[in-house]
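Input: a single structure, listed below in structure tokens.
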Amino acid sequence: GAAASGPAGTVGTSFPLTPLEWPQTFHDAFHSPKDSRCGFLRRRLLDPDVDWRQVLATRGVHDVTEDTDIMATQTVDLIPKESGAPNRADDQALRFYRSLPGLGPADATDERMWAWYTHFRYHAYSLWRWRRQRNTNLSNYVLSHWFVRNPPEGLWLYNTAARTWWIAHLATKAARASGGAFSAQEALDDFATYAVHYHILMTKYEFSRHPRVLAELVRMLLNEAKGMKAEAGLYAIMRRLNLMSGTHILDVLPRELLRERIVELAEEVMSRPEMVTDRTKLRNRKPFRSLNLGAGVQSTVLALMADRGEYGLPRPDVAIFADTGWEPPDVYEHLEWLKTELSYEVTTVSAGNIRDNLLKGVRPNGRRYLGIPAYLESAEGDLGISRRLCTDDYKIRPIQNWLRDRLGLKPGRRAPKDVQVEMWLGISVDEIMRQKPSRDEWITRRYPLIERGFSRAQLITWFGEHYPDRRLPRSSCVGCPYRSDSEWKTLKEVSPESFGEAVEVDEALRRDPDVRDSITKKGGKAFLHRSRVPLKDVDFSETDAYEDIMAQECEGLCGI
């Protein structure tokens, strides 16, 4: 079968051979020292159009005694499609496997021998699938991937072409025995991502070759073992199963009991920090829950709901208020009230007073730059917005520094895998665009209000029903350029002193050299209001609509 070919890319001629004799003969011919045949065969091996019957005949390989009667009945396209993903055992291998209806494990007495028979029909695809590195000698590459020194076991276990067959074979075999738990494609995708998975399942222990045991192991890899170290984790599970197989015959256990044992072992391995690559998948450890408390509508209601245990919300370990030093007075008053209502810890962190730093033209670290998103106008009339660093300076970093100190993490050192913070942010479904993943591996951001489908209006209604005598404030810096006109108008009417402070900073952006030069080029101007008109001159008398442009900018850390 596989040793002879008709037209390029086809397998269709029965070729008699002795399963053990022929591979050894070919291996010896390839490795013959100081023999010109070696170079000849190396060159011919890389040619997908080779007629191997003729090659072997010219090399003197005629002495074969047994007809295998294993035949492929159709043309096989070995060359991967150009659009295929390189270096992945993907659809191509599976399609190739399925394209041999007359040449398969059911027709062979030993699936290892079948891997042998199909070996040379895979080599074109295999060279593409497992590409050699540029610094690897071609002859050595061919020797190590095709003709290892202990045939027949060596070729079956380790060579490239046999691995191509095995990834498809194991995926199909496991899927058929899984009872519909997963498809061959799903299993193949796992093997393509973690090649060590099929190496371990194929070579290490005999019990893993039983179809039902194999199926349950693959199901575990696809489900319970997500985030596990591919080699160390699976080896740990397999070693325990090997010990277990001494007292339980795994292949005769009922599927439910077998699955239970395998899942228990996976749970045990996934509870060990050194066995996981994704710290968020580490089991049996309670994350430190931290709520970013802006003292506005969403974060206030989320904090109170969690304290009451409503909607399945557990109590956080701490609520952290990052104080910029320039919040409206009603926010500070509301925060003090909230502390009396919550049964868990509420703490305040700060990187300094943002208003004082703005008047000095510096960031908290003393560098010359404002860091607020002021509206700019150049001397030539070009418009722009300055880079916003205030959220990072006054919200993100102070909170993270507090968490690191609380959890005993040294500055600049990577957090251990068993240290994980679940950071809650109060963002509702009508501001869903503010969701962003954490930039730190030890912090996982959660959005409980979005997860439960709450809108801002629903939160206000909930608060009004439970606290009818309280008013929820809007949390944002007094001089935040992202304020809408309705917010500026409310601030001017309700807290004229705070509005006056914002006007003072707005004037300083254009008047004081220290402030002006830290944010604009020579001759440029900066404004707090998006109209690029001095704040004191903006007419808010006609303003009545609510425009929440902050929802697009605050990263879920301020303005909530």
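FYI, nothing fancy with the structure tokens labels: chains A, B, ... in order, residues from 1 per chain, ligands from 1 as they appear.
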
Task: Spatial neighbours of A:Arg272, 9 Å, only C-alpha atoms, chain gap at least 3 places, as an NGL selection string - done: :A and (268-269 or 275-276 or 282-283 or 418)

- [ ] Name the residues of stretch 360-424 of chain A that fall into strand (DSSP E) according to DSSP on the backbone, using the chain letters and numbers of this document, as an MDAnalysis selection string.
- [x] chainID A and resid 375:377 383:385 421:424

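Nearest-residue note for A:Ile450: choosing from A:Asp485, A:Asp405, A:Leu302, A:Ala215, the minimum distance belongs to A:Leu302, counting only C-alpha atoms.
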
Compile a residue-level contact table for stretch 252-354 of chain A against stretch 462-480 of chain A at a cut-off of 8 Å, reporting for every qualifying residue the shortest atom pair and its distance in Å to one decimal, with only C-alpha atoms counted, rows ordered by chain and ascending number, as CSV.
```
residue,atom,partner,partner_atom,distance
A:Gly294,CA,A:Ser475,CA,6.2
A:Ala295,CA,A:Ser475,CA,6.2
A:Gly296,CA,A:Ser475,CA,4.7
A:Val297,CA,A:Leu472,CA,5.8
A:Val301,CA,A:Phe463,CA,6.6
A:Thr324,CA,A:Cys477,CA,7.2
A:Trp326,CA,A:Cys477,CA,5.5
A:Glu327,CA,A:Cys477,CA,4.8
A:Pro328,CA,A:Val478,CA,5.8
A:Asp330,CA,A:Pro473,CA,6.5
A:Val331,CA,A:Pro473,CA,6.0
A:His334,CA,A:Pro473,CA,7.4
```

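Nearest to A:Ala351 of all the residues A:Tyr375, A:Trp337, A:Trp442, A:Trp402 is A:Trp402, counting only C-alpha atoms.
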
- [ ] Can you list, as a PyMOL selection string, all residues belonging to stretch 145-359 of chain A that DSSP tags as alpha helix (DSSP H)?
- [x] chain A and resi 145-146+153-158+160-176+184-193+195-203+211-222+230-244+255-269+297-308+329-341+354-359

TODO: For A:Lys226, work out the shell of residues within 8 Å, counting only C-alpha atoms and skipping chain neighbours fewer than 4 positions away, then give it as a list in words.
DONE: Leu221, Leu222 and Lys281 of chain A

Would you mind exporting the chosen residues as a PDB file, in the first residue's frame, restricted to N, CA, C and O atoms?
```pdb
ATOM      1  N   LEU A 221      -8.917  17.288  29.628  1.00  0.00           N
ATOM      2  CA  LEU A 221      -8.029  18.327  29.108  1.00  0.00           C
ATOM      3  C   LEU A 221      -8.825  19.481  28.505  1.00  0.00           C
ATOM      4  O   LEU A 221      -8.414  20.638  28.582  1.00  0.00           O
ATOM      5  N   LEU A 222      -9.959  19.167  27.912  1.00  0.00           N
ATOM      6  CA  LEU A 222     -10.784  20.196  27.283  1.00  0.00           C
ATOM      7  C   LEU A 222     -11.622  20.978  28.269  1.00  0.00           C
ATOM      8  O   LEU A 222     -12.099  22.073  27.944  1.00  0.00           O
ATOM      9  N   LYS A 281      -7.119  30.307  36.790  1.00  0.00           N
ATOM     10  CA  LYS A 281      -7.719  28.974  36.797  1.00  0.00           C
ATOM     11  C   LYS A 281      -7.315  28.161  38.033  1.00  0.00           C
ATOM     12  O   LYS A 281      -7.742  27.019  38.186  1.00  0.00           O
TER      13      LYS A 281
END
```

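Residues within 12 Å of A:Ser208, counting only C-alpha atoms and excluding same-chain residues fewer than 5 positions away, are Leu170, Lys173, Ala174, His197, Tyr198, His199, Ile200, Leu201, Met202, Thr203, Val213, Leu214, Ala215, Glu216, Leu217, Val218, Leu234, Tyr235, Ile237, Met238, Arg239, Leu241, Asn242, Ser245, Ile249, Leu250, Asp251 and Ile262 of chain A.
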
Pull N, CA and C atoms from the residues just selected and write them as a PDB file, in the first residue's frame.
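Full text of selection_32.pdb as output:
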```
ATOM      1  N   LEU A 170      -5.565   9.772  17.209  1.00  0.00           N
ATOM      2  CA  LEU A 170      -5.971   9.859  18.615  1.00  0.00           C
ATOM      3  C   LEU A 170      -7.202  10.748  18.778  1.00  0.00           C
ATOM      4  N   LYS A 173     -10.172   8.685  17.520  1.00  0.00           N
ATOM      5  CA  LYS A 173     -10.420   7.563  18.420  1.00  0.00           C
ATOM      6  C   LYS A 173     -11.059   8.042  19.722  1.00  0.00           C
ATOM      7  N   ALA A 174     -10.549   9.135  20.289  1.00  0.00           N
ATOM      8  CA  ALA A 174     -11.084   9.656  21.546  1.00  0.00           C
ATOM      9  C   ALA A 174     -12.502  10.177  21.356  1.00  0.00           C
ATOM     10  N   HIS A 197       0.531  16.858  24.934  1.00  0.00           N
ATOM     11  CA  HIS A 197      -0.625  16.085  25.360  1.00  0.00           C
ATOM     12  C   HIS A 197      -0.710  14.765  24.605  1.00  0.00           C
ATOM     13  N   TYR A 198      -0.630  14.822  23.268  1.00  0.00           N
ATOM     14  CA  TYR A 198      -0.765  13.553  22.546  1.00  0.00           C
ATOM     15  C   TYR A 198       0.495  12.714  22.661  1.00  0.00           C
ATOM     16  N   HIS A 199       1.649  13.338  22.889  1.00  0.00           N
ATOM     17  CA  HIS A 199       2.856  12.539  23.121  1.00  0.00           C
ATOM     18  C   HIS A 199       2.715  11.705  24.387  1.00  0.00           C
ATOM     19  N   ILE A 200       2.219  12.326  25.447  1.00  0.00           N
ATOM     20  CA  ILE A 200       2.068  11.606  26.719  1.00  0.00           C
ATOM     21  C   ILE A 200       1.004  10.532  26.601  1.00  0.00           C
ATOM     22  N   LEU A 201      -0.130  10.876  26.013  1.00  0.00           N
ATOM     23  CA  LEU A 201      -1.210   9.894  25.893  1.00  0.00           C
ATOM     24  C   LEU A 201      -0.828   8.746  24.977  1.00  0.00           C
ATOM     25  N   MET A 202       0.068   8.985  24.026  1.00  0.00           N
ATOM     26  CA  MET A 202       0.428   7.961  23.055  1.00  0.00           C
ATOM     27  C   MET A 202       1.511   7.028  23.582  1.00  0.00           C
ATOM     28  N   THR A 203       2.466   7.547  24.340  1.00  0.00           N
ATOM     29  CA  THR A 203       3.684   6.782  24.576  1.00  0.00           C
ATOM     30  C   THR A 203       3.929   6.333  26.005  1.00  0.00           C
ATOM     31  N   VAL A 213     -10.817   5.246  28.313  1.00  0.00           N
ATOM     32  CA  VAL A 213      -9.889   5.969  29.178  1.00  0.00           C
ATOM     33  C   VAL A 213      -9.322   7.171  28.431  1.00  0.00           C
ATOM     34  N   LEU A 214      -8.921   6.953  27.182  1.00  0.00           N
ATOM     35  CA  LEU A 214      -8.411   8.053  26.368  1.00  0.00           C
ATOM     36  C   LEU A 214      -9.450   9.154  26.229  1.00  0.00           C
ATOM     37  N   ALA A 215     -10.705   8.758  25.972  1.00  0.00           N
ATOM     38  CA  ALA A 215     -11.768   9.751  25.799  1.00  0.00           C
ATOM     39  C   ALA A 215     -11.956  10.589  27.051  1.00  0.00           C
ATOM     40  N   GLU A 216     -11.928   9.972  28.222  1.00  0.00           N
ATOM     41  CA  GLU A 216     -12.139  10.715  29.466  1.00  0.00           C
ATOM     42  C   GLU A 216     -10.945  11.616  29.781  1.00  0.00           C
ATOM     43  N   LEU A 217      -9.745  11.185  29.409  1.00  0.00           N
ATOM     44  CA  LEU A 217      -8.577  12.034  29.615  1.00  0.00           C
ATOM     45  C   LEU A 217      -8.635  13.264  28.712  1.00  0.00           C
ATOM     46  N   VAL A 218      -9.022  13.062  27.452  1.00  0.00           N
ATOM     47  CA  VAL A 218      -9.134  14.204  26.548  1.00  0.00           C
ATOM     48  C   VAL A 218     -10.252  15.134  26.996  1.00  0.00           C
ATOM     49  N   LEU A 234      -0.175  17.160  33.230  1.00  0.00           N
ATOM     50  CA  LEU A 234      -0.695  15.893  32.708  1.00  0.00           C
ATOM     51  C   LEU A 234       0.130  14.720  33.214  1.00  0.00           C
ATOM     52  N   TYR A 235       1.437  14.870  33.318  1.00  0.00           N
ATOM     53  CA  TYR A 235       2.263  13.795  33.859  1.00  0.00           C
ATOM     54  C   TYR A 235       1.858  13.475  35.299  1.00  0.00           C
ATOM     55  N   ILE A 237      -1.073  13.808  36.663  1.00  0.00           N
ATOM     56  CA  ILE A 237      -2.337  13.070  36.624  1.00  0.00           C
ATOM     57  C   ILE A 237      -2.117  11.645  36.145  1.00  0.00           C
ATOM     58  N   MET A 238      -1.295  11.475  35.135  1.00  0.00           N
ATOM     59  CA  MET A 238      -1.064  10.143  34.585  1.00  0.00           C
ATOM     60  C   MET A 238      -0.331   9.245  35.578  1.00  0.00           C
ATOM     61  N   ARG A 239       0.591   9.813  36.328  1.00  0.00           N
ATOM     62  CA  ARG A 239       1.293   8.998  37.339  1.00  0.00           C
ATOM     63  C   ARG A 239       0.326   8.496  38.395  1.00  0.00           C
ATOM     64  N   LEU A 241      -2.913   8.065  38.008  1.00  0.00           N
ATOM     65  CA  LEU A 241      -3.772   7.068  37.372  1.00  0.00           C
ATOM     66  C   LEU A 241      -3.044   5.739  37.210  1.00  0.00           C
ATOM     67  N   ASN A 242      -1.751   5.796  36.952  1.00  0.00           N
ATOM     68  CA  ASN A 242      -0.971   4.570  36.813  1.00  0.00           C
ATOM     69  C   ASN A 242      -0.944   3.800  38.134  1.00  0.00           C
ATOM     70  N   SER A 245      -4.309   2.303  38.606  1.00  0.00           N
ATOM     71  CA  SER A 245      -4.608   1.159  37.747  1.00  0.00           C
ATOM     72  C   SER A 245      -4.133  -0.149  38.366  1.00  0.00           C
ATOM     73  N   ILE A 249      -8.966  -1.664  37.564  1.00  0.00           N
ATOM     74  CA  ILE A 249      -8.713  -1.863  36.144  1.00  0.00           C
ATOM     75  C   ILE A 249      -9.471  -0.750  35.426  1.00  0.00           C
ATOM     76  N   LEU A 250      -8.753   0.291  35.033  1.00  0.00           N
ATOM     77  CA  LEU A 250      -9.393   1.511  34.565  1.00  0.00           C
ATOM     78  C   LEU A 250     -10.302   1.285  33.374  1.00  0.00           C
ATOM     79  N   ASP A 251      -9.891   0.395  32.474  1.00  0.00           N
ATOM     80  CA  ASP A 251     -10.668   0.238  31.248  1.00  0.00           C
ATOM     81  C   ASP A 251     -11.984  -0.500  31.464  1.00  0.00           C
ATOM     82  N   ILE A 262     -10.848  10.817  37.404  1.00  0.00           N
ATOM     83  CA  ILE A 262      -9.984  11.699  36.617  1.00  0.00           C
ATOM     84  C   ILE A 262     -10.214  13.164  36.980  1.00  0.00           C
TER      85      ILE A 262
END
```

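Minimum atom-to-atom distances from A:Pro496, A:Pro211, A:Pro373, A:Gly408 to A:Ala526 were compared using only C-alpha atoms, and the lowest value belongs to A:Pro373.
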
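Across A:Ala266, A:Ala306, A:Leu509, A:Ile372, the tightest approach to A:Tyr482 is made by A:Ile372 when counting only C-alpha atoms.
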
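Closest approach to A:Thr193 from the set A:Ala230, A:Leu253, A:Ser350, A:Glu542 is made by A:Ala230, with distances taken over only C-alpha atoms.
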
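With only C-alpha atoms as the atoms that count, the minimum distance from A:Phe288 to the choices A:Ile385, A:Ala457, A:Met423, A:Leu304 is reached by A:Met423.
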
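Taking atom CA of A:Thr348 as the reference point, atom CA of A:Ser486 is found at 28.6 Å.
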